[in-house]
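Student: Take a look at the following structure, please.
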Number of protein chains: 2
Amino acid sequence: MGASRRKFIRNTALAGAGISLAPNIMARPYQKRVDASGKLKVGIIGSGLRGQDHIDLLLRRKDCEVICIAEPDQVMLASTKKVFEGLDAKWPEIYDQGPHDYVRMLDKEKIDAVIIATPWEWHSQMAIAAMKAGVFTGVEVSGAFSLDECWELVNTHESTGTPLFFLENVCFRRDVMAVLNMVKKGLFGELIHLECGYQHDLRGVKFNDGITPYNSGVEFGDKGFSEAKWRTWHSLYRNGDLYPTHGIGPVAQWININRGNRMETLVSMASKSRGLHEYIINHPKGGPDHPNAKLEFRLGDKVTTMVKCTNGETIVLHHDTSLARPYSLGFRVQGTKGLWMDVNKKLHLEGTSPEHQWEDAATYLTQYDHDAWKAHEKDAEGAGHGGMDWFVTEAFVRCASEGTEPPFDVYDAASWMAITPLSEASIASGGMPQAIPDFTRGRWMSKK
Amino acid sequence: MGASRRKFIRNTALAGAGISLAPNIMARPYQKRVDASGKLKVGIIGSGLRGQDHIDLLLRRKDCEVICIAEPDQVMLASTKKVFEGLDAKWPEIYDQGPHDYVRMLDKEKIDAVIIATPWEWHSQMAIAAMKAGVFTGVEVSGAFSLDECWELVNTHESTGTPLFFLENVCFRRDVMAVLNMVKKGLFGELIHLECGYQHDLRGVKFNDGITPYNSGVEFGDKGFSEAKWRTWHSLYRNGDLYPTHGIGPVAQWININRGNRMETLVSMASKSRGLHEYIINHPKGGPDHPNAKLEFRLGDKVTTMVKCTNGETIVLHHDTSLARPYSLGFRVQGTKGLWMDVNKKLHLEGTSPEHQWEDAATYLTQYDHDAWKAHEKDAEGAGHGGMDWFVTEAFVRCASEGTEPPFDVYDAASWMAITPLSEASIASGGMPQAIPDFTRGRWMSKK
């Protein structure tokens, strides 16, 4: 499609937006939640290890306070308390009467914003409850269980007008943002092919001894601790890309998904499953006679998904969490004028790089370092995941306080999360292509 | 499947092999073609630039001679003559009466073996004619145009008993063979996922000025020279993985395809096509007004294919020949105990490498260097494609002379070449999975 035709469509769509959006018009779409003088009052749903990361980052700021926490697990509450004590912060109201006590918290507390950091299976119902309560909703990333669940998030946002901020931290990774800069400046030309994924040996996370979180045993579920309590069930019973957002989030930014482009179809394939079984039988606390050695894990050790986008780009997503391997999100950004890959930390730019040769990416990543990183390098120092978690908190608190649109909204959440059930469907059907719903109801065509 | 059950099946199949193979029993399956004292008499079909590489390697050997050439192009014959002169070799019989003169050559000449190095669209009919003539048949690699063509190769081999040697040189690449060594020693554990492909900026090969082969213009077809004469048509009219064998060949070795394993289904996806058009309009000899600027190239700049194997492995194949990029076959060999990747030249082996860390692959590739490379390093020096072409010639001449089975036979050729039409079918159908035929008629189950 030519640029002029694209512009025409966009203008036409914008002209009609006031009418077409009327039925879903948002009551108080992005209102300021606090005055310049006040502090953002934040509630936490889920103060497990990830929730405690969020609390730590929030408590270090002067523009917000954590006034309540919903968390049923006393062990996690005890370690949460240490975070508060370590930072001399006031211990907030606690809602620990079972896993549904967050409902009472949302009803009773006067909070401006909430962060949800619970097991995947709770994300959507909690986010929906928070949006219905009119609380600016931050929700941790995960894959969805069904398309209906994704639609319910979208519908709730549209009927309540409450913003949802999808807390995808990798979008704030320093190299990811530098590459976004380079993409916007056209250094790679027109983008053609992207790769990404989640390739992370989680065997020592999926299993532990029930007391310490990492690399300590072969137990999970009731006998596990932290993520091993819940995450491992998904490897036992599901087969698909269970955790697509750390990969697809950055890719979506680079190719403007839901903002002039969208993901149309996907196909997934899964390898056999061996890694988790072998981990159990080879672990000093496991062995072939351990009860967990009898389990048949359904998740293929390597799940690969291909996505086709409306503007013609292809995406390959890797999901690889049950084998011995170094951490890698496997990014590749390839356009008509060159490509960057993060596995070798190299790039090639036509006309700049020697012909047919790689160059180290480092000098370019420094040259095109994003302004946000330049400005906040010291603030981010020491924050989780190489500093990128600081940026998530910063963006979350700012959006909630100032009433600006979240960078990753409910439509992004729905379309990224939808990859999981669609990849499960594709694998279950022997590799049949699956249509990815347009959760924006066509508004992606005009949105920037 | 347990090892004992696998063995049982294999033994059963072997026990019945004498009967089940009877209808296709080979007349003179792998007879010696020359005495220890004599020289292998080789004919060449196609002495373009690739054919001349083969001739050069053959003429440097003492155990064979090139006695005839079928080549209709006088320019190519002139440069072929220089190869002979440079090596003081006798100029052979020439068959240059049009593209079909190879038929007369096969009929008239008493040759032991033939090497076919012609445009892709001629490979199968020439290989079939050579097999029917009872000449040990070496054929250069390509993708097929249809499954019928693959079957015809198989059927001709089975009805004539003539061996076919598929000349896949990358299987002899030094790192590929070292990794094969490591795979066989179990260093990666049970293999789970493989990646490979052909990622090679061929823009300067697909177009030239009609006189010099590389990077000299934007002409092709009748106005092009060497590969630009024919290869470019495939980018104009076809959309699929046009050249899968440099990737799938090594992968097939690593996971024993057609020898206890086979490729069952594939799915392909293609990006939009931009690279070749942009090359034409940006080239100093092209521009937006050049006639070729009006062409719409059908081949997506990036074609990705996923394959599922009977033993549960997944394979990702990359085809990427129209964009600015460094050469990379993109190998990844991943098993339960670790992985090797060639893009970063690193590996990780559980229990050996530091946990969650990459190590340089180089020391391992040296340690597990294949015996063939250790023995013939000096022989291979200076031969094409980093020396691996020497090994192809060596294997070809040995198999033909001694009557041993080709390492890559007609069943390998058929199944690797079949990826091309199947990927075209998958893309044309919006990503539908395609069944890969079992060209061995079940014999893969018992073959080693």
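Lettering and numbering for the structure tokens are positional, with chains as A, B, ... in the shown order, residues counted from 1 in each chain, and ligands counted from 1 in the shown order.
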I'd like a table as JSON lines: residues in chain A with an atom no more than 6 Å from chain B, each row giving the shortest atom pair and its distance in Å to one decimal, only C-alpha atoms counted, sorted by chain and rising residue number.

Tutor:
{"residue": "A:Ser271", "atom": "CA", "partner": "B:Glu313", "partner_atom": "CA", "distance": 5.1}
{"residue": "A:Lys272", "atom": "CA", "partner": "B:Gly312", "partner_atom": "CA", "distance": 4.7}
{"residue": "A:Gly275", "atom": "CA", "partner": "B:Thr336", "partner_atom": "CA", "distance": 5.9}
{"residue": "A:Gly312", "atom": "CA", "partner": "B:Lys272", "partner_atom": "CA", "distance": 4.7}
{"residue": "A:Glu313", "atom": "CA", "partner": "B:Ser271", "partner_atom": "CA", "distance": 5.1}
{"residue": "A:Thr314", "atom": "CA", "partner": "B:Ser271", "partner_atom": "CA", "distance": 5.1}
{"residue": "A:Leu323", "atom": "CA", "partner": "B:Thr336", "partner_atom": "CA", "distance": 5.8}
{"residue": "A:Ala324", "atom": "CA", "partner": "B:Gly338", "partner_atom": "CA", "distance": 5.4}
{"residue": "A:Arg325", "atom": "CA", "partner": "B:His356", "partner_atom": "CA", "distance": 5.7}
{"residue": "A:Pro326", "atom": "CA", "partner": "B:His356", "partner_atom": "CA", "distance": 4.1}
{"residue": "A:Thr336", "atom": "CA", "partner": "B:Leu323", "partner_atom": "CA", "distance": 5.8}
{"residue": "A:Lys337", "atom": "CA", "partner": "B:Ala324", "partner_atom": "CA", "distance": 6.0}
{"residue": "A:Gly338", "atom": "CA", "partner": "B:Ala324", "partner_atom": "CA", "distance": 5.4}
{"residue": "A:Asn344", "atom": "CA", "partner": "B:Asn344", "partner_atom": "CA", "distance": 4.4}
{"residue": "A:His356", "atom": "CA", "partner": "B:Pro326", "partner_atom": "CA", "distance": 4.1}
{"residue": "A:Gln357", "atom": "CA", "partner": "B:Pro326", "partner_atom": "CA", "distance": 5.1}
{"residue": "A:Gly431", "atom": "CA", "partner": "B:Pro433", "partner_atom": "CA", "distance": 5.7}
{"residue": "A:Met432", "atom": "CA", "partner": "B:Met432", "partner_atom": "CA", "distance": 5.7}
{"residue": "A:Pro433", "atom": "CA", "partner": "B:Gly431", "partner_atom": "CA", "distance": 5.7}

Student: If you run DSSP over the backbone, which residues in range 193-324 of chain B end up strand (DSSP E)? Put them as a PDB file with C-alpha atoms, in the first residue's frame.

Tutor:
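Below is the file part-v7.pdb, written as the result:
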ATOM      1  CA  HIS B 193      15.781 -29.020  18.104  1.00  0.00           C
ATOM      2  CA  LEU B 194      17.820 -28.086  15.063  1.00  0.00           C
ATOM      3  CA  GLU B 195      18.163 -24.937  13.017  1.00  0.00           C
ATOM      4  CA  CYS B 196      19.792 -24.386   9.683  1.00  0.00           C
ATOM      5  CA  GLY B 197      19.283 -22.645   6.409  1.00  0.00           C
ATOM      6  CA  TYR B 198      20.697 -20.672   3.581  1.00  0.00           C
ATOM      7  CA  GLN B 199      21.179 -17.047   4.512  1.00  0.00           C
ATOM      8  CA  MET B 263      10.854 -35.768   8.344  1.00  0.00           C
ATOM      9  CA  GLU B 264       7.067 -36.002   8.644  1.00  0.00           C
ATOM     10  CA  THR B 265       5.462 -32.584   8.191  1.00  0.00           C
ATOM     11  CA  LEU B 266       6.457 -29.030   7.430  1.00  0.00           C
ATOM     12  CA  VAL B 267       4.939 -25.577   7.546  1.00  0.00           C
ATOM     13  CA  SER B 268       6.343 -22.505   5.764  1.00  0.00           C
ATOM     14  CA  MET B 269       5.783 -18.781   5.984  1.00  0.00           C
ATOM     15  CA  ALA B 270       7.165 -16.044   3.726  1.00  0.00           C
ATOM     16  CA  VAL B 303      11.095 -17.747   4.071  1.00  0.00           C
ATOM     17  CA  THR B 304      10.947 -19.777   7.272  1.00  0.00           C
ATOM     18  CA  THR B 305      10.055 -23.451   7.427  1.00  0.00           C
ATOM     19  CA  MET B 306       9.418 -25.656  10.461  1.00  0.00           C
ATOM     20  CA  VAL B 307       9.744 -29.437  10.157  1.00  0.00           C
ATOM     21  CA  LYS B 308       8.600 -32.099  12.602  1.00  0.00           C
ATOM     22  CA  CYS B 309      10.419 -35.443  12.631  1.00  0.00           C
ATOM     23  CA  THR B 314      11.794 -29.943  15.388  1.00  0.00           C
ATOM     24  CA  ILE B 315      13.813 -28.179  12.682  1.00  0.00           C
ATOM     25  CA  VAL B 316      13.697 -24.516  11.673  1.00  0.00           C
ATOM     26  CA  LEU B 317      15.022 -23.716   8.182  1.00  0.00           C
ATOM     27  CA  HIS B 318      15.869 -20.189   7.093  1.00  0.00           C
ATOM     28  CA  HIS B 319      15.905 -19.053   3.457  1.00  0.00           C
ATOM     29  CA  ASP B 320      17.153 -15.489   3.085  1.00  0.00           C
TER      30      ASP B 320
END

Student: One decimal, Å: what's the distance from CA of Ile55 in chain A over to CA of Val83 in chain A, could you say?

Tutor: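 Computing the Euclidean distance for CA of Ile55 in chain A and CA of Val83 in chain A yields 7.7 Å.
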
Student: Using only C-alpha atoms, which protein or nucleic acid residues come within 10 Å of Leu167 in chain A? Drop anything in the same chain fewer than 5 positions from it, and give the result as a compact mmCIF listing (two decimals) with all heavy atoms, in the first residue's frame.

Tutor:
# COMPACT_ATOMS: atom_id res chain seq x y z
N ILE A 115 -0.91 -3.07 41.38
CA ILE A 115 -0.01 -3.94 40.61
C ILE A 115 -0.34 -5.39 40.94
O ILE A 115 -0.36 -5.77 42.12
CB ILE A 115 1.47 -3.62 40.89
CG1 ILE A 115 1.86 -2.33 40.17
CG2 ILE A 115 2.37 -4.79 40.47
CD1 ILE A 115 3.31 -1.93 40.34
N ILE A 116 -0.60 -6.17 39.90
CA ILE A 116 -0.96 -7.58 40.05
C ILE A 116 0.24 -8.43 39.67
O ILE A 116 0.71 -8.38 38.54
CB ILE A 116 -2.18 -7.91 39.16
CG1 ILE A 116 -3.38 -7.07 39.58
CG2 ILE A 116 -2.49 -9.41 39.20
CD1 ILE A 116 -4.48 -6.99 38.52
N ALA A 117 0.74 -9.19 40.64
CA ALA A 117 1.92 -10.05 40.39
C ALA A 117 1.66 -11.40 41.04
O ALA A 117 2.25 -11.75 42.06
CB ALA A 117 3.18 -9.40 40.95
N THR A 137 -4.79 -0.08 36.46
CA THR A 137 -4.44 -1.49 36.65
C THR A 137 -3.12 -1.86 35.98
O THR A 137 -3.01 -1.81 34.75
CB THR A 137 -5.57 -2.38 36.07
OG1 THR A 137 -6.79 -2.04 36.72
CG2 THR A 137 -5.25 -3.85 36.27
N GLY A 138 -2.14 -2.23 36.78
CA GLY A 138 -0.90 -2.78 36.23
C GLY A 138 -0.91 -4.28 36.43
O GLY A 138 -1.16 -4.76 37.54
N VAL A 139 -0.66 -5.02 35.37
CA VAL A 139 -0.69 -6.48 35.52
C VAL A 139 0.59 -7.09 34.92
O VAL A 139 1.04 -6.68 33.84
CB VAL A 139 -1.98 -7.09 34.91
CG1 VAL A 139 -2.10 -6.80 33.42
CG2 VAL A 139 -2.06 -8.59 35.18
N GLU A 140 1.16 -8.01 35.66
CA GLU A 140 2.37 -8.70 35.19
C GLU A 140 2.06 -9.50 33.94
O GLU A 140 0.91 -9.82 33.65
CB GLU A 140 2.91 -9.63 36.29
CG GLU A 140 4.02 -8.99 37.11
CD GLU A 140 5.27 -8.68 36.27
OE1 GLU A 140 5.41 -9.21 35.16
OE2 GLU A 140 6.10 -7.88 36.74
N VAL A 141 3.12 -9.84 33.22
CA VAL A 141 2.95 -10.52 31.93
C VAL A 141 2.72 -12.02 32.10
O VAL A 141 3.16 -12.63 33.07
CB VAL A 141 4.16 -10.28 31.01
CG1 VAL A 141 4.28 -8.81 30.69
CG2 VAL A 141 5.45 -10.81 31.63
N SER A 142 2.02 -12.58 31.13
CA SER A 142 1.81 -14.03 31.04
C SER A 142 1.16 -14.30 29.69
O SER A 142 0.82 -13.37 28.97
CB SER A 142 0.88 -14.52 32.16
OG SER A 142 -0.39 -13.93 32.02
N THR A 245 5.50 -12.97 25.90
CA THR A 245 5.51 -11.51 25.85
C THR A 245 6.90 -10.88 25.91
O THR A 245 7.10 -9.81 25.35
CB THR A 245 4.62 -10.91 26.96
OG1 THR A 245 5.25 -11.09 28.23
CG2 THR A 245 3.25 -11.55 26.96
N ASP A 389 13.63 -2.93 35.09
CA ASP A 389 12.47 -2.88 35.97
C ASP A 389 12.22 -1.47 36.52
O ASP A 389 11.08 -1.10 36.79
CB ASP A 389 12.64 -3.88 37.14
CG ASP A 389 12.44 -5.32 36.69
OD1 ASP A 389 12.03 -5.53 35.52
OD2 ASP A 389 12.70 -6.24 37.49
N VAL A 392 10.01 0.30 34.10
CA VAL A 392 8.62 -0.14 34.16
C VAL A 392 7.90 0.60 35.28
O VAL A 392 6.80 1.15 35.09
CB VAL A 392 8.51 -1.67 34.42
CG1 VAL A 392 7.05 -2.10 34.44
CG2 VAL A 392 9.27 -2.45 33.37
N THR A 393 8.52 0.63 36.45
CA THR A 393 7.92 1.31 37.59
C THR A 393 7.73 2.80 37.30
O THR A 393 6.67 3.37 37.55
CB THR A 393 8.81 1.15 38.84
OG1 THR A 393 9.16 -0.23 38.97
CG2 THR A 393 8.09 1.61 40.09
N ALA A 395 7.43 4.29 34.38
CA ALA A 395 6.35 4.51 33.41
C ALA A 395 4.98 4.26 34.05
O ALA A 395 4.02 5.00 33.81
CB ALA A 395 6.54 3.58 32.20
N PHE A 396 4.92 3.23 34.88
CA PHE A 396 3.65 2.89 35.53
C PHE A 396 3.18 4.02 36.45
O PHE A 396 2.04 4.48 36.37
CB PHE A 396 3.81 1.59 36.34
CG PHE A 396 2.59 1.21 37.12
CD1 PHE A 396 1.49 0.65 36.49
CD2 PHE A 396 2.53 1.43 38.49
CE1 PHE A 396 0.35 0.31 37.22
CE2 PHE A 396 1.40 1.09 39.22
CZ PHE A 396 0.31 0.53 38.59
N PRO A 406 -1.12 4.23 28.83
CA PRO A 406 -0.03 3.27 29.06
C PRO A 406 0.68 2.95 27.75
O PRO A 406 0.03 2.85 26.70
CB PRO A 406 -0.73 2.02 29.60
CG PRO A 406 -2.07 2.47 30.04
CD PRO A 406 -2.43 3.65 29.19
N PRO A 407 2.00 2.77 27.78
CA PRO A 407 2.71 2.42 26.55
C PRO A 407 2.28 1.06 26.01
O PRO A 407 2.28 0.82 24.81
CB PRO A 407 4.18 2.41 26.98
CG PRO A 407 4.18 2.27 28.47
CD PRO A 407 2.91 2.87 28.94
N PHE A 408 1.92 0.13 26.92
CA PHE A 408 1.44 -1.20 26.51
C PHE A 408 0.09 -1.37 27.16
O PHE A 408 -0.01 -1.55 28.38
CB PHE A 408 2.42 -2.29 26.95
CG PHE A 408 3.84 -1.85 26.82
CD1 PHE A 408 4.66 -1.72 27.92
CD2 PHE A 408 4.36 -1.51 25.57
CE1 PHE A 408 5.96 -1.26 27.80
CE2 PHE A 408 5.66 -1.04 25.44
CZ PHE A 408 6.46 -0.92 26.56
N ASP A 409 -0.95 -1.28 26.34
CA ASP A 409 -2.30 -1.18 26.87
C ASP A 409 -3.04 -2.51 26.80
O ASP A 409 -2.45 -3.56 26.53
CB ASP A 409 -3.05 -0.06 26.16
CG ASP A 409 -3.19 -0.32 24.65
OD1 ASP A 409 -2.99 -1.48 24.21
OD2 ASP A 409 -3.49 0.64 23.92
N ALA A 413 -1.86 -6.19 25.54
CA ALA A 413 -1.94 -7.34 26.44
C ALA A 413 -2.72 -8.48 25.78
O ALA A 413 -2.26 -9.62 25.73
CB ALA A 413 -2.58 -6.94 27.76

Student: Using only C-alpha atoms for the distances, tell me which of B:Leu58, B:Ala78, B:Ile44, B:Leu365 is nearest to Glu93 in chain B.

Tutor: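 Closest to Glu93 in chain B, using only C-alpha atoms: B:Ile44.
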